[in-house]
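> TSV, N, CA, C and O atoms, file model-v8.tsv:
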```
chain	number	residue	atom	x	y	z
N	105	MET	N	22.76	139.81	102.29
N	105	MET	CA	21.78	139.73	101.24
N	105	MET	C	20.89	138.50	101.42
N	105	MET	O	19.75	138.50	100.99
N	106	ASP	N	21.40	137.45	102.05
N	106	ASP	CA	20.60	136.26	102.28
N	106	ASP	C	19.34	136.58	103.08
N	106	ASP	O	18.28	135.99	102.84
N	107	GLU	N	19.45	137.50	104.01
N	107	GLU	CA	18.28	137.89	104.81
N	107	GLU	C	17.23	138.56	103.93
N	107	GLU	O	16.04	138.32	104.11
N	108	LYS	N	17.67	139.37	102.98
N	108	LYS	CA	16.74	140.03	102.07
N	108	LYS	C	16.03	139.01	101.19
N	108	LYS	O	14.82	139.09	100.99
N	109	ILE	N	16.78	138.05	100.68
N	109	ILE	CA	16.20	137.00	99.83
N	109	ILE	C	15.18	136.19	100.63
N	109	ILE	O	14.08	135.90	100.15
N	110	GLU	N	15.54	135.84	101.85
N	110	GLU	CA	14.63	135.08	102.72
N	110	GLU	C	13.34	135.86	103.00
N	110	GLU	O	12.23	135.32	102.93
N	111	LYS	N	13.49	137.14	103.30
N	111	LYS	CA	12.34	137.99	103.59
N	111	LYS	C	11.43	138.10	102.36
N	111	LYS	O	10.21	137.97	102.46
N	112	LEU	N	12.02	138.30	101.20
N	112	LEU	CA	11.24	138.40	99.97
N	112	LEU	C	10.59	137.06	99.62
N	112	LEU	O	9.47	137.02	99.11
N	113	THR	N	11.28	135.98	99.90
N	113	THR	CA	10.72	134.65	99.66
N	113	THR	C	9.46	134.46	100.50
N	113	THR	O	8.44	133.97	100.00
N	114	GLN	N	9.51	134.86	101.76
N	114	GLN	CA	8.35	134.75	102.63
N	114	GLN	C	7.19	135.63	102.13
N	114	GLN	O	6.03	135.23	102.20
N	115	GLU	N	7.52	136.80	101.60
N	115	GLU	CA	6.48	137.67	101.05
N	115	GLU	C	5.83	137.03	99.82
N	115	GLU	O	4.61	137.11	99.65
N	116	LEU	N	6.64	136.40	98.98
N	116	LEU	CA	6.10	135.72	97.81
N	116	LEU	C	5.23	134.54	98.22
N	116	LEU	O	4.15	134.33	97.65
N	117	LEU	N	5.65	133.79	99.21
N	117	LEU	CA	4.85	132.66	99.68
N	117	LEU	C	3.50	133.13	100.24
N	117	LEU	O	2.49	132.46	100.06
N	118	ALA	N	3.51	134.27	100.90
N	118	ALA	CA	2.25	134.82	101.43
N	118	ALA	C	1.33	135.23	100.29
N	118	ALA	O	0.11	135.08	100.38
N	119	LYS	N	1.91	135.72	99.22
N	119	LYS	CA	1.13	136.17	98.06
N	119	LYS	C	0.69	134.99	97.18
N	119	LYS	O	-0.36	135.04	96.55
N	120	ASN	N	1.52	133.93	97.14
N	120	ASN	CA	1.24	132.80	96.26
N	120	ASN	C	1.46	131.49	97.01
N	120	ASN	O	2.52	130.88	96.91
N	121	PRO	N	0.47	131.05	97.75
N	121	PRO	CA	0.63	129.82	98.54
N	121	PRO	C	0.72	128.55	97.69
N	121	PRO	O	0.98	127.48	98.22
N	122	GLN	N	0.55	128.65	96.38
N	122	GLN	CA	0.69	127.49	95.50
N	122	GLN	C	2.15	127.09	95.33
N	122	GLN	O	2.43	126.00	94.86
N	123	MET	N	3.07	127.96	95.67
N	123	MET	CA	4.49	127.70	95.49
N	123	MET	C	5.09	127.02	96.70
N	123	MET	O	4.68	127.27	97.82
N	124	SER	N	6.10	126.20	96.43
N	124	SER	CA	6.89	125.64	97.52
N	124	SER	C	7.91	126.70	97.94
N	124	SER	O	8.13	127.69	97.23
N	125	VAL	N	8.54	126.49	99.07
N	125	VAL	CA	9.56	127.42	99.55
N	125	VAL	C	10.71	127.50	98.56
N	125	VAL	O	11.18	128.59	98.21
N	126	GLY	N	11.15	126.35	98.06
N	126	GLY	CA	12.26	126.33	97.10
N	126	GLY	C	11.94	127.06	95.82
N	126	GLY	O	12.76	127.81	95.29
N	127	ARG	N	10.73	126.85	95.32
N	127	ARG	CA	10.32	127.51	94.07
N	127	ARG	C	10.21	129.02	94.27
N	127	ARG	O	10.63	129.81	93.43
N	128	ALA	N	9.68	129.44	95.40
N	128	ALA	CA	9.57	130.87	95.69
N	128	ALA	C	10.95	131.51	95.78
N	128	ALA	O	11.18	132.60	95.26
N	129	GLN	N	11.89	130.81	96.41
N	129	GLN	CA	13.24	131.36	96.52
N	129	GLN	C	13.89	131.47	95.14
N	129	GLN	O	14.57	132.46	94.86
N	130	VAL	N	13.68	130.48	94.29
N	130	VAL	CA	14.21	130.54	92.93
N	130	VAL	C	13.66	131.76	92.21
N	130	VAL	O	14.40	132.49	91.54
N	131	TRP	N	12.36	132.00	92.34
N	131	TRP	CA	11.76	133.17	91.70
N	131	TRP	C	12.34	134.48	92.22
N	131	TRP	O	12.65	135.38	91.44
N	132	VAL	N	12.50	134.59	93.52
N	132	VAL	CA	13.05	135.81	94.09
N	132	VAL	C	14.48	136.03	93.57
N	132	VAL	O	14.83	137.14	93.14
N	133	GLU	N	15.28	134.99	93.59
N	133	GLU	CA	16.66	135.11	93.10
N	133	GLU	C	16.69	135.45	91.62
N	133	GLU	O	17.52	136.23	91.16
N	134	LEU	N	15.78	134.85	90.84
N	134	LEU	CA	15.71	135.14	89.41
N	134	LEU	C	15.32	136.59	89.16
N	134	LEU	O	15.95	137.28	88.35
N	135	LEU	N	14.29	137.06	89.84
N	135	LEU	CA	13.88	138.46	89.67
N	135	LEU	C	15.01	139.41	90.06
N	135	LEU	O	15.26	140.41	89.37
N	136	TRP	N	15.67	139.09	91.15
N	136	TRP	CA	16.78	139.92	91.64
N	136	TRP	C	17.90	139.99	90.61
N	136	TRP	O	18.33	141.06	90.20
N	137	SER	N	18.37	138.84	90.18
N	137	SER	CA	19.51	138.79	89.27
N	137	SER	C	19.16	139.33	87.89
N	137	SER	O	19.98	140.00	87.25
N	138	ASP	N	17.94	139.05	87.41
N	138	ASP	CA	17.53	139.58	86.11
N	138	ASP	C	17.52	141.10	86.12
N	138	ASP	O	17.97	141.74	85.17
N	139	PHE	N	16.99	141.69	87.19
N	139	PHE	CA	16.96	143.14	87.26
N	139	PHE	C	18.37	143.71	87.27
N	139	PHE	O	18.69	144.63	86.50
N	140	GLU	N	19.23	143.18	88.13
N	140	GLU	CA	20.58	143.73	88.23
N	140	GLU	C	21.38	143.54	86.95
N	140	GLU	O	22.08	144.45	86.52
N	141	SER	N	21.26	142.38	86.31
N	141	SER	CA	22.03	142.16	85.08
N	141	SER	C	21.49	143.00	83.93
N	141	SER	O	22.26	143.53	83.13
N	142	THR	N	20.17	143.14	83.84
N	142	THR	CA	19.59	143.96	82.79
N	142	THR	C	19.98	145.43	82.95
N	142	THR	O	20.32	146.10	81.98
N	143	ALA	N	19.94	145.91	84.17
N	143	ALA	CA	20.33	147.30	84.43
N	143	ALA	C	21.81	147.52	84.10
N	143	ALA	O	22.18	148.54	83.50
N	144	ALA	N	22.65	146.56	84.45
N	144	ALA	CA	24.07	146.68	84.16
N	144	ALA	C	24.33	146.67	82.65
N	144	ALA	O	25.13	147.47	82.14
N	145	LYS	N	23.66	145.77	81.94
N	145	LYS	CA	23.83	145.70	80.48
N	145	LYS	C	23.37	146.99	79.81
N	145	LYS	O	23.89	147.38	78.77
N	146	ALA	N	22.37	147.64	80.40
N	146	ALA	CA	21.86	148.89	79.85
N	146	ALA	C	22.74	150.08	80.21
N	146	ALA	O	22.50	151.19	79.75
N	147	GLY	N	23.75	149.84	81.06
N	147	GLY	CA	24.69	150.90	81.41
N	147	GLY	C	24.28	151.76	82.58
N	147	GLY	O	24.89	152.80	82.84
N	148	TYR	N	23.28	151.34	83.33
N	148	TYR	CA	22.86	152.12	84.50
N	148	TYR	C	23.82	151.90	85.66
N	148	TYR	O	24.38	150.82	85.82
N	149	ASP	N	24.00	152.92	86.46
N	149	ASP	CA	24.81	152.80	87.66
N	149	ASP	C	24.12	151.88	88.65
N	149	ASP	O	22.88	151.84	88.74
N	150	TYR	N	24.92	151.14	89.41
N	150	TYR	CA	24.38	150.25	90.44
N	150	TYR	C	23.76	151.09	91.54
N	150	TYR	O	24.39	151.98	92.09
N	151	ARG	N	22.52	150.82	91.89
N	151	ARG	CA	21.80	151.61	92.89
N	151	ARG	C	21.77	150.97	94.26
N	151	ARG	O	21.21	151.53	95.19
N	152	GLY	N	22.31	149.77	94.39
N	152	GLY	CA	22.39	149.13	95.69
N	152	GLY	C	21.33	148.08	95.92
N	152	GLY	O	20.32	147.99	95.21
N	153	ALA	N	21.57	147.28	96.94
N	153	ALA	CA	20.68	146.17	97.27
N	153	ALA	C	19.31	146.64	97.72
N	153	ALA	O	18.30	145.98	97.44
N	154	GLU	N	19.24	147.77	98.42
N	154	GLU	CA	17.94	148.27	98.89
N	154	GLU	C	17.03	148.62	97.72
N	154	GLU	O	15.84	148.34	97.74
N	155	TYR	N	17.61	149.21	96.68
N	155	TYR	CA	16.83	149.57	95.50
N	155	TYR	C	16.29	148.30	94.83
N	155	TYR	O	15.10	148.22	94.50
N	156	THR	N	17.16	147.31	94.66
N	156	THR	CA	16.74	146.05	94.04
N	156	THR	C	15.70	145.35	94.90
N	156	THR	O	14.70	144.83	94.39
N	157	GLU	N	15.90	145.35	96.21
N	157	GLU	CA	14.92	144.73	97.11
N	157	GLU	C	13.56	145.38	96.95
N	157	GLU	O	12.53	144.69	96.88
N	158	ASN	N	13.51	146.69	96.88
N	158	ASN	CA	12.24	147.39	96.73
N	158	ASN	C	11.58	147.07	95.39
N	158	ASN	O	10.36	146.90	95.32
N	159	LEU	N	12.38	146.96	94.34
N	159	LEU	CA	11.83	146.63	93.04
N	159	LEU	C	11.24	145.22	93.04
N	159	LEU	O	10.12	145.00	92.57
N	160	VAL	N	11.97	144.26	93.59
N	160	VAL	CA	11.47	142.88	93.67
N	160	VAL	C	10.21	142.84	94.53
N	160	VAL	O	9.25	142.14	94.20
N	161	ARG	N	10.19	143.58	95.60
N	161	ARG	CA	9.00	143.63	96.46
N	161	ARG	C	7.79	144.15	95.67
N	161	ARG	O	6.67	143.65	95.81
N	162	GLN	N	7.99	145.17	94.84
N	162	GLN	CA	6.90	145.70	94.02
N	162	GLN	C	6.41	144.65	93.01
N	162	GLN	O	5.21	144.52	92.78
N	163	LEU	N	7.36	143.90	92.42
N	163	LEU	CA	6.98	142.85	91.48
N	163	LEU	C	6.18	141.76	92.18
N	163	LEU	O	5.20	141.25	91.63
N	164	ILE	N	6.60	141.40	93.37
N	164	ILE	CA	5.87	140.38	94.15
N	164	ILE	C	4.46	140.88	94.47
N	164	ILE	O	3.48	140.14	94.33
N	165	ALA	N	4.35	142.13	94.89
N	165	ALA	CA	3.04	142.68	95.23
N	165	ALA	C	2.12	142.71	94.01
N	165	ALA	O	0.93	142.42	94.12
N	166	SER	N	2.67	143.02	92.85
N	166	SER	CA	1.86	143.15	91.64
N	166	SER	C	1.58	141.81	90.95
N	166	SER	O	0.49	141.60	90.45
N	167	TYR	N	2.59	140.94	90.92
N	167	TYR	CA	2.49	139.73	90.09
N	167	TYR	C	2.75	138.43	90.83
N	167	TYR	O	2.72	137.36	90.22
N	168	GLY	N	3.00	138.48	92.12
N	168	GLY	CA	3.38	137.30	92.87
N	168	GLY	C	2.39	136.15	92.79
N	168	GLY	O	2.77	134.98	92.71
N	169	ASP	N	1.11	136.47	92.77
N	169	ASP	CA	0.10	135.42	92.71
N	169	ASP	C	-0.06	134.82	91.33
N	169	ASP	O	-0.76	133.83	91.14
N	170	LYS	N	0.64	135.38	90.32
N	170	LYS	CA	0.51	134.92	88.95
N	170	LYS	C	1.81	134.35	88.38
N	170	LYS	O	1.85	133.94	87.22
N	171	LEU	N	2.88	134.35	89.15
N	171	LEU	CA	4.19	133.94	88.61
N	171	LEU	C	4.17	132.52	88.07
N	171	LEU	O	4.76	132.25	87.03
N	172	HIS	N	3.50	131.60	88.74
N	172	HIS	CA	3.48	130.22	88.27
N	172	HIS	C	2.80	130.12	86.90
N	172	HIS	O	3.20	129.34	86.06
N	173	ALA	N	1.80	130.94	86.62
N	173	ALA	CA	1.11	130.93	85.33
N	173	ALA	C	1.98	131.57	84.25
N	173	ALA	O	2.02	131.10	83.12
N	174	PHE	N	2.69	132.62	84.59
N	174	PHE	CA	3.55	133.31	83.64
N	174	PHE	C	4.65	132.38	83.13
N	174	PHE	O	4.95	132.34	81.95
N	175	ALA	N	5.24	131.62	84.01
N	175	ALA	CA	6.34	130.74	83.64
N	175	ALA	C	5.91	129.72	82.60
N	175	ALA	O	6.69	129.37	81.72
N	176	GLY	N	4.69	129.27	82.66
N	176	GLY	CA	4.20	128.28	81.72
N	176	GLY	C	4.03	128.81	80.32
N	176	GLY	O	4.03	128.05	79.36
N	177	ARG	N	3.92	130.11	80.16
N	177	ARG	CA	3.75	130.72	78.84
N	177	ARG	C	5.03	131.31	78.29
N	177	ARG	O	5.05	131.76	77.15
N	178	ASN	N	6.10	131.36	79.06
N	178	ASN	CA	7.33	131.99	78.63
N	178	ASN	C	8.45	130.96	78.59
N	178	ASN	O	8.86	130.46	79.65
N	179	PRO	N	8.98	130.67	77.40
N	179	PRO	CA	10.01	129.63	77.29
N	179	PRO	C	11.26	129.89	78.13
N	179	PRO	O	11.92	128.96	78.56
N	180	LYS	N	11.56	131.15	78.40
N	180	LYS	CA	12.74	131.48	79.20
N	180	LYS	C	12.61	130.95	80.62
N	180	LYS	O	13.60	130.63	81.27
N	181	TYR	N	11.38	130.82	81.11
N	181	TYR	CA	11.15	130.43	82.49
N	181	TYR	C	10.50	129.05	82.64
N	181	TYR	O	10.20	128.65	83.75
N	182	ILE	N	10.30	128.34	81.55
N	182	ILE	CA	9.59	127.06	81.60
N	182	ILE	C	10.30	126.06	82.52
N	182	ILE	O	9.65	125.24	83.15
N	183	HIS	N	11.62	126.15	82.62
N	183	HIS	CA	12.36	125.22	83.48
N	183	HIS	C	11.95	125.36	84.95
N	183	HIS	O	12.17	124.45	85.74
N	184	LEU	N	11.34	126.45	85.31
N	184	LEU	CA	10.89	126.64	86.69
N	184	LEU	C	9.70	125.74	87.02
N	184	LEU	O	9.37	125.56	88.19
N	185	LEU	N	9.06	125.20	86.01
N	185	LEU	CA	7.92	124.32	86.24
N	185	LEU	C	8.24	122.85	86.07
N	185	LEU	O	7.39	122.00	86.23
N	186	ASP	N	9.49	122.54	85.75
N	186	ASP	CA	9.87	121.15	85.48
N	186	ASP	C	9.55	120.21	86.63
N	186	ASP	O	9.12	119.10	86.40
N	187	ALA	N	9.79	120.62	87.85
N	187	ALA	CA	9.59	119.75	89.01
N	187	ALA	C	8.24	120.04	89.64
N	187	ALA	O	8.15	120.68	90.68
N	188	SER	N	7.19	119.54	89.03
N	188	SER	CA	5.85	119.85	89.53
N	188	SER	C	5.60	119.24	90.91
N	188	SER	O	4.68	119.64	91.60
N	189	ASP	N	6.45	118.29	91.30
N	189	ASP	CA	6.25	117.67	92.61
N	189	ASP	C	6.57	118.60	93.76
N	189	ASP	O	6.21	118.32	94.89
N	190	ASP	N	7.23	119.74	93.50
N	190	ASP	CA	7.51	120.64	94.60
N	190	ASP	C	6.46	121.76	94.69
N	190	ASP	O	6.57	122.62	95.52
N	191	MET	N	5.46	121.71	93.88
N	191	MET	CA	4.37	122.67	93.96
N	191	MET	C	3.33	122.14	94.95
N	191	MET	O	3.04	120.95	94.98
N	192	VAL	N	2.78	123.01	95.73
N	192	VAL	CA	1.74	122.64	96.66
N	192	VAL	C	0.47	122.35	95.88
N	192	VAL	O	0.07	123.11	95.03
N	193	GLN	N	-0.14	121.23	96.14
N	193	GLN	CA	-1.36	120.84	95.39
N	193	GLN	C	-2.60	121.22	96.15
N	193	GLN	O	-2.72	121.12	97.28
```
Any chance you could give the structure as structure tokens?

Amino acid sequence: MDEKIEKLTQELLAKNPQMSVGRAQVWVELLWSDFESTAAKAGYDYRGAEYTENLVRQLIASYGDKLHAFAGRNPKYIHLLDASDDMVQ
């Protein structure tokens, strides 16, 4: 799974060059875990890592260039902006 996270992190960095590598990886891991935990809480059967990877890839394609702005407006994700020194200026 580490290879999938790394690959998705690189895709996010290509979509949003304002992010550092560490911040992009945090976002990918957050999107991944949020999807899997939400689906599990809703009672859906586990569809596998490939399904989750494809979903995260779609989110990156649609919203990857806006993730840093979204976090600033959503208290659940505000901690992702705490270390502004790791953002590319």
> Of the residues N:Ala173, N:Gln122, N:Trp136, N:Ala146, which is the one nearest to Leu159 of chain N, using only C-alpha atoms?
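Once distances to Leu159 of chain N are computed over only C-alpha atoms, the minimum belongs to N:Trp136.
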> Mind pulling up the distance from atom CA of Lys145 of chain N to atom CA of Gln114 of chain N?
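Between atom CA of Gln114 of chain N and atom CA of Lys145 of chain N the gap is 29.2 Å.
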> Step by step: start from the point (6.3, 131.5, 92.7) in the file's coordinates, keep every protein, DNA or RNA residue that has an atom no farther than 10 Å from it, count only C-alpha atoms, and write the set as an MDAnalysis selection string.
chainID N and resid 113 116:117 119:132 164 167:175 184:185 191
> For the selection you just gave me, I'd like the residues written to a file as a short mmCIF file (atom, residue, chain, number, x, y, z; two decimals), in the frame of the given file, keeping N, CA, C and O atoms.

```cif
data_model
loop_
_atom_site.label_atom_id
_atom_site.label_comp_id
_atom_site.auth_asym_id
_atom_site.auth_seq_id
_atom_site.Cartn_x
_atom_site.Cartn_y
_atom_site.Cartn_z
N THR N 113 11.28 135.98 99.90
CA THR N 113 10.72 134.65 99.66
C THR N 113 9.46 134.46 100.50
O THR N 113 8.44 133.97 100.00
N LEU N 116 6.64 136.40 98.98
CA LEU N 116 6.10 135.72 97.81
C LEU N 116 5.23 134.54 98.22
O LEU N 116 4.15 134.33 97.65
N LEU N 117 5.65 133.79 99.21
CA LEU N 117 4.85 132.66 99.68
C LEU N 117 3.50 133.13 100.24
O LEU N 117 2.49 132.46 100.06
N LYS N 119 1.91 135.72 99.22
CA LYS N 119 1.13 136.17 98.06
C LYS N 119 0.69 134.99 97.18
O LYS N 119 -0.36 135.04 96.55
N ASN N 120 1.52 133.93 97.14
CA ASN N 120 1.24 132.80 96.26
C ASN N 120 1.46 131.49 97.01
O ASN N 120 2.52 130.88 96.91
N PRO N 121 0.47 131.05 97.75
CA PRO N 121 0.63 129.82 98.54
C PRO N 121 0.72 128.55 97.69
O PRO N 121 0.98 127.48 98.22
N GLN N 122 0.55 128.65 96.38
CA GLN N 122 0.69 127.49 95.50
C GLN N 122 2.15 127.09 95.33
O GLN N 122 2.43 126.00 94.86
N MET N 123 3.07 127.96 95.67
CA MET N 123 4.49 127.70 95.49
C MET N 123 5.09 127.02 96.70
O MET N 123 4.68 127.27 97.82
N SER N 124 6.10 126.20 96.43
CA SER N 124 6.89 125.64 97.52
C SER N 124 7.91 126.70 97.94
O SER N 124 8.13 127.69 97.23
N VAL N 125 8.54 126.49 99.07
CA VAL N 125 9.56 127.42 99.55
C VAL N 125 10.71 127.50 98.56
O VAL N 125 11.18 128.59 98.21
N GLY N 126 11.15 126.35 98.06
CA GLY N 126 12.26 126.33 97.10
C GLY N 126 11.94 127.06 95.82
O GLY N 126 12.76 127.81 95.29
N ARG N 127 10.73 126.85 95.32
CA ARG N 127 10.32 127.51 94.07
C ARG N 127 10.21 129.02 94.27
O ARG N 127 10.63 129.81 93.43
N ALA N 128 9.68 129.44 95.40
CA ALA N 128 9.57 130.87 95.69
C ALA N 128 10.95 131.51 95.78
O ALA N 128 11.18 132.60 95.26
N GLN N 129 11.89 130.81 96.41
CA GLN N 129 13.24 131.36 96.52
C GLN N 129 13.89 131.47 95.14
O GLN N 129 14.57 132.46 94.86
N VAL N 130 13.68 130.48 94.29
CA VAL N 130 14.21 130.54 92.93
C VAL N 130 13.66 131.76 92.21
O VAL N 130 14.40 132.49 91.54
N TRP N 131 12.36 132.00 92.34
CA TRP N 131 11.76 133.17 91.70
C TRP N 131 12.34 134.48 92.22
O TRP N 131 12.65 135.38 91.44
N VAL N 132 12.50 134.59 93.52
CA VAL N 132 13.05 135.81 94.09
C VAL N 132 14.48 136.03 93.57
O VAL N 132 14.83 137.14 93.14
N ILE N 164 6.60 141.40 93.37
CA ILE N 164 5.87 140.38 94.15
C ILE N 164 4.46 140.88 94.47
O ILE N 164 3.48 140.14 94.33
N TYR N 167 2.59 140.94 90.92
CA TYR N 167 2.49 139.73 90.09
C TYR N 167 2.75 138.43 90.83
O TYR N 167 2.72 137.36 90.22
N GLY N 168 3.00 138.48 92.12
CA GLY N 168 3.38 137.30 92.87
C GLY N 168 2.39 136.15 92.79
O GLY N 168 2.77 134.98 92.71
N ASP N 169 1.11 136.47 92.77
CA ASP N 169 0.10 135.42 92.71
C ASP N 169 -0.06 134.82 91.33
O ASP N 169 -0.76 133.83 91.14
N LYS N 170 0.64 135.38 90.32
CA LYS N 170 0.51 134.92 88.95
C LYS N 170 1.81 134.35 88.38
O LYS N 170 1.85 133.94 87.22
N LEU N 171 2.88 134.35 89.15
CA LEU N 171 4.19 133.94 88.61
C LEU N 171 4.17 132.52 88.07
O LEU N 171 4.76 132.25 87.03
N HIS N 172 3.50 131.60 88.74
CA HIS N 172 3.48 130.22 88.27
C HIS N 172 2.80 130.12 86.90
O HIS N 172 3.20 129.34 86.06
N ALA N 173 1.80 130.94 86.62
CA ALA N 173 1.11 130.93 85.33
C ALA N 173 1.98 131.57 84.25
O ALA N 173 2.02 131.10 83.12
N PHE N 174 2.69 132.62 84.59
CA PHE N 174 3.55 133.31 83.64
C PHE N 174 4.65 132.38 83.13
O PHE N 174 4.95 132.34 81.95
N ALA N 175 5.24 131.62 84.01
CA ALA N 175 6.34 130.74 83.64
C ALA N 175 5.91 129.72 82.60
O ALA N 175 6.69 129.37 81.72
N LEU N 184 11.34 126.45 85.31
CA LEU N 184 10.89 126.64 86.69
C LEU N 184 9.70 125.74 87.02
O LEU N 184 9.37 125.56 88.19
N LEU N 185 9.06 125.20 86.01
CA LEU N 185 7.92 124.32 86.24
C LEU N 185 8.24 122.85 86.07
O LEU N 185 7.39 122.00 86.23
N MET N 191 5.46 121.71 93.88
CA MET N 191 4.37 122.67 93.96
C MET N 191 3.33 122.14 94.95
O MET N 191 3.04 120.95 94.98
#
```
> To one decimal place in Å, what is the distance between atom CA of Glu107 of chain N and atom CA of Glu140 of chain N?
17.7 Å
> Between atom C of Glu115 of chain N and atom N of Ala165 of chain N, what is the distance in Å, rounded to a tenth?
7.2 Å
> Which polymer residues have any atom within 12 Å of an atom of segment 150-156 of chain N, counting only C-alpha atoms, with same-chain residues fewer than 6 positions away left out, as a VMD selection string?
chain N and resid 105 to 109 112 132 to 144 162 to 163
> Where atoms are missing, can you supply all heavy atoms for segment 126-133 of chain N and output the lot as an mmCIF file, in the frame of the given file?

```
data_model
loop_
_atom_site.group_PDB
_atom_site.id
_atom_site.type_symbol
_atom_site.label_atom_id
_atom_site.label_comp_id
_atom_site.auth_asym_id
_atom_site.auth_seq_id
_atom_site.Cartn_x
_atom_site.Cartn_y
_atom_site.Cartn_z
ATOM 1 N N GLY N 126 11.150 126.350 98.060
ATOM 2 C CA GLY N 126 12.260 126.330 97.100
ATOM 3 C C GLY N 126 11.940 127.060 95.820
ATOM 4 O O GLY N 126 12.760 127.810 95.290
ATOM 5 N N ARG N 127 10.730 126.850 95.320
ATOM 6 C CA ARG N 127 10.320 127.510 94.070
ATOM 7 C C ARG N 127 10.210 129.020 94.270
ATOM 8 O O ARG N 127 10.630 129.810 93.430
ATOM 9 C CB ARG N 127 8.982 126.930 93.631
ATOM 10 C CG ARG N 127 8.478 127.345 92.280
ATOM 11 C CD ARG N 127 9.420 127.024 91.137
ATOM 12 N NE ARG N 127 10.049 125.737 91.261
ATOM 13 C CZ ARG N 127 9.911 124.723 90.427
ATOM 14 N NH1 ARG N 127 9.142 124.838 89.390
ATOM 15 N NH2 ARG N 127 10.566 123.604 90.624
ATOM 16 N N ALA N 128 9.680 129.440 95.400
ATOM 17 C CA ALA N 128 9.570 130.870 95.690
ATOM 18 C C ALA N 128 10.950 131.510 95.780
ATOM 19 O O ALA N 128 11.180 132.600 95.260
ATOM 20 C CB ALA N 128 8.793 131.085 96.985
ATOM 21 N N GLN N 129 11.890 130.810 96.410
ATOM 22 C CA GLN N 129 13.240 131.360 96.520
ATOM 23 C C GLN N 129 13.890 131.470 95.140
ATOM 24 O O GLN N 129 14.570 132.460 94.860
ATOM 25 C CB GLN N 129 14.105 130.520 97.441
ATOM 26 C CG GLN N 129 15.474 131.134 97.642
ATOM 27 C CD GLN N 129 16.287 130.453 98.721
ATOM 28 O OE1 GLN N 129 15.750 129.758 99.568
ATOM 29 N NE2 GLN N 129 17.575 130.667 98.681
ATOM 30 N N VAL N 130 13.680 130.480 94.290
ATOM 31 C CA VAL N 130 14.210 130.540 92.930
ATOM 32 C C VAL N 130 13.660 131.760 92.210
ATOM 33 O O VAL N 130 14.400 132.490 91.540
ATOM 34 C CB VAL N 130 13.896 129.249 92.151
ATOM 35 C CG1 VAL N 130 14.158 129.409 90.667
ATOM 36 C CG2 VAL N 130 14.701 128.086 92.703
ATOM 37 N N TRP N 131 12.360 132.000 92.340
ATOM 38 C CA TRP N 131 11.760 133.170 91.700
ATOM 39 C C TRP N 131 12.340 134.480 92.220
ATOM 40 O O TRP N 131 12.650 135.380 91.440
ATOM 41 C CB TRP N 131 10.240 133.154 91.893
ATOM 42 C CG TRP N 131 9.534 132.457 90.773
ATOM 43 C CD1 TRP N 131 8.911 131.245 90.832
ATOM 44 C CD2 TRP N 131 9.394 132.922 89.438
ATOM 45 N NE1 TRP N 131 8.407 130.939 89.600
ATOM 46 C CE2 TRP N 131 8.678 131.947 88.734
ATOM 47 C CE3 TRP N 131 9.809 134.063 88.769
ATOM 48 C CZ2 TRP N 131 8.364 132.079 87.379
ATOM 49 C CZ3 TRP N 131 9.493 134.191 87.418
ATOM 50 C CH2 TRP N 131 8.780 133.212 86.743
ATOM 51 N N VAL N 132 12.500 134.590 93.520
ATOM 52 C CA VAL N 132 13.050 135.810 94.090
ATOM 53 C C VAL N 132 14.480 136.030 93.570
ATOM 54 O O VAL N 132 14.830 137.140 93.140
ATOM 55 C CB VAL N 132 13.020 135.774 95.631
ATOM 56 C CG1 VAL N 132 13.844 136.899 96.230
ATOM 57 C CG2 VAL N 132 11.580 135.855 96.126
ATOM 58 N N GLU N 133 15.280 134.990 93.590
ATOM 59 C CA GLU N 133 16.660 135.110 93.100
ATOM 60 C C GLU N 133 16.690 135.450 91.620
ATOM 61 O O GLU N 133 17.520 136.230 91.160
ATOM 62 C CB GLU N 133 17.426 133.830 93.386
ATOM 63 C CG GLU N 133 17.676 133.620 94.871
ATOM 64 C CD GLU N 133 18.252 132.257 95.203
ATOM 65 O OE1 GLU N 133 18.341 131.388 94.303
ATOM 66 O OE2 GLU N 133 18.611 132.055 96.385
#
```
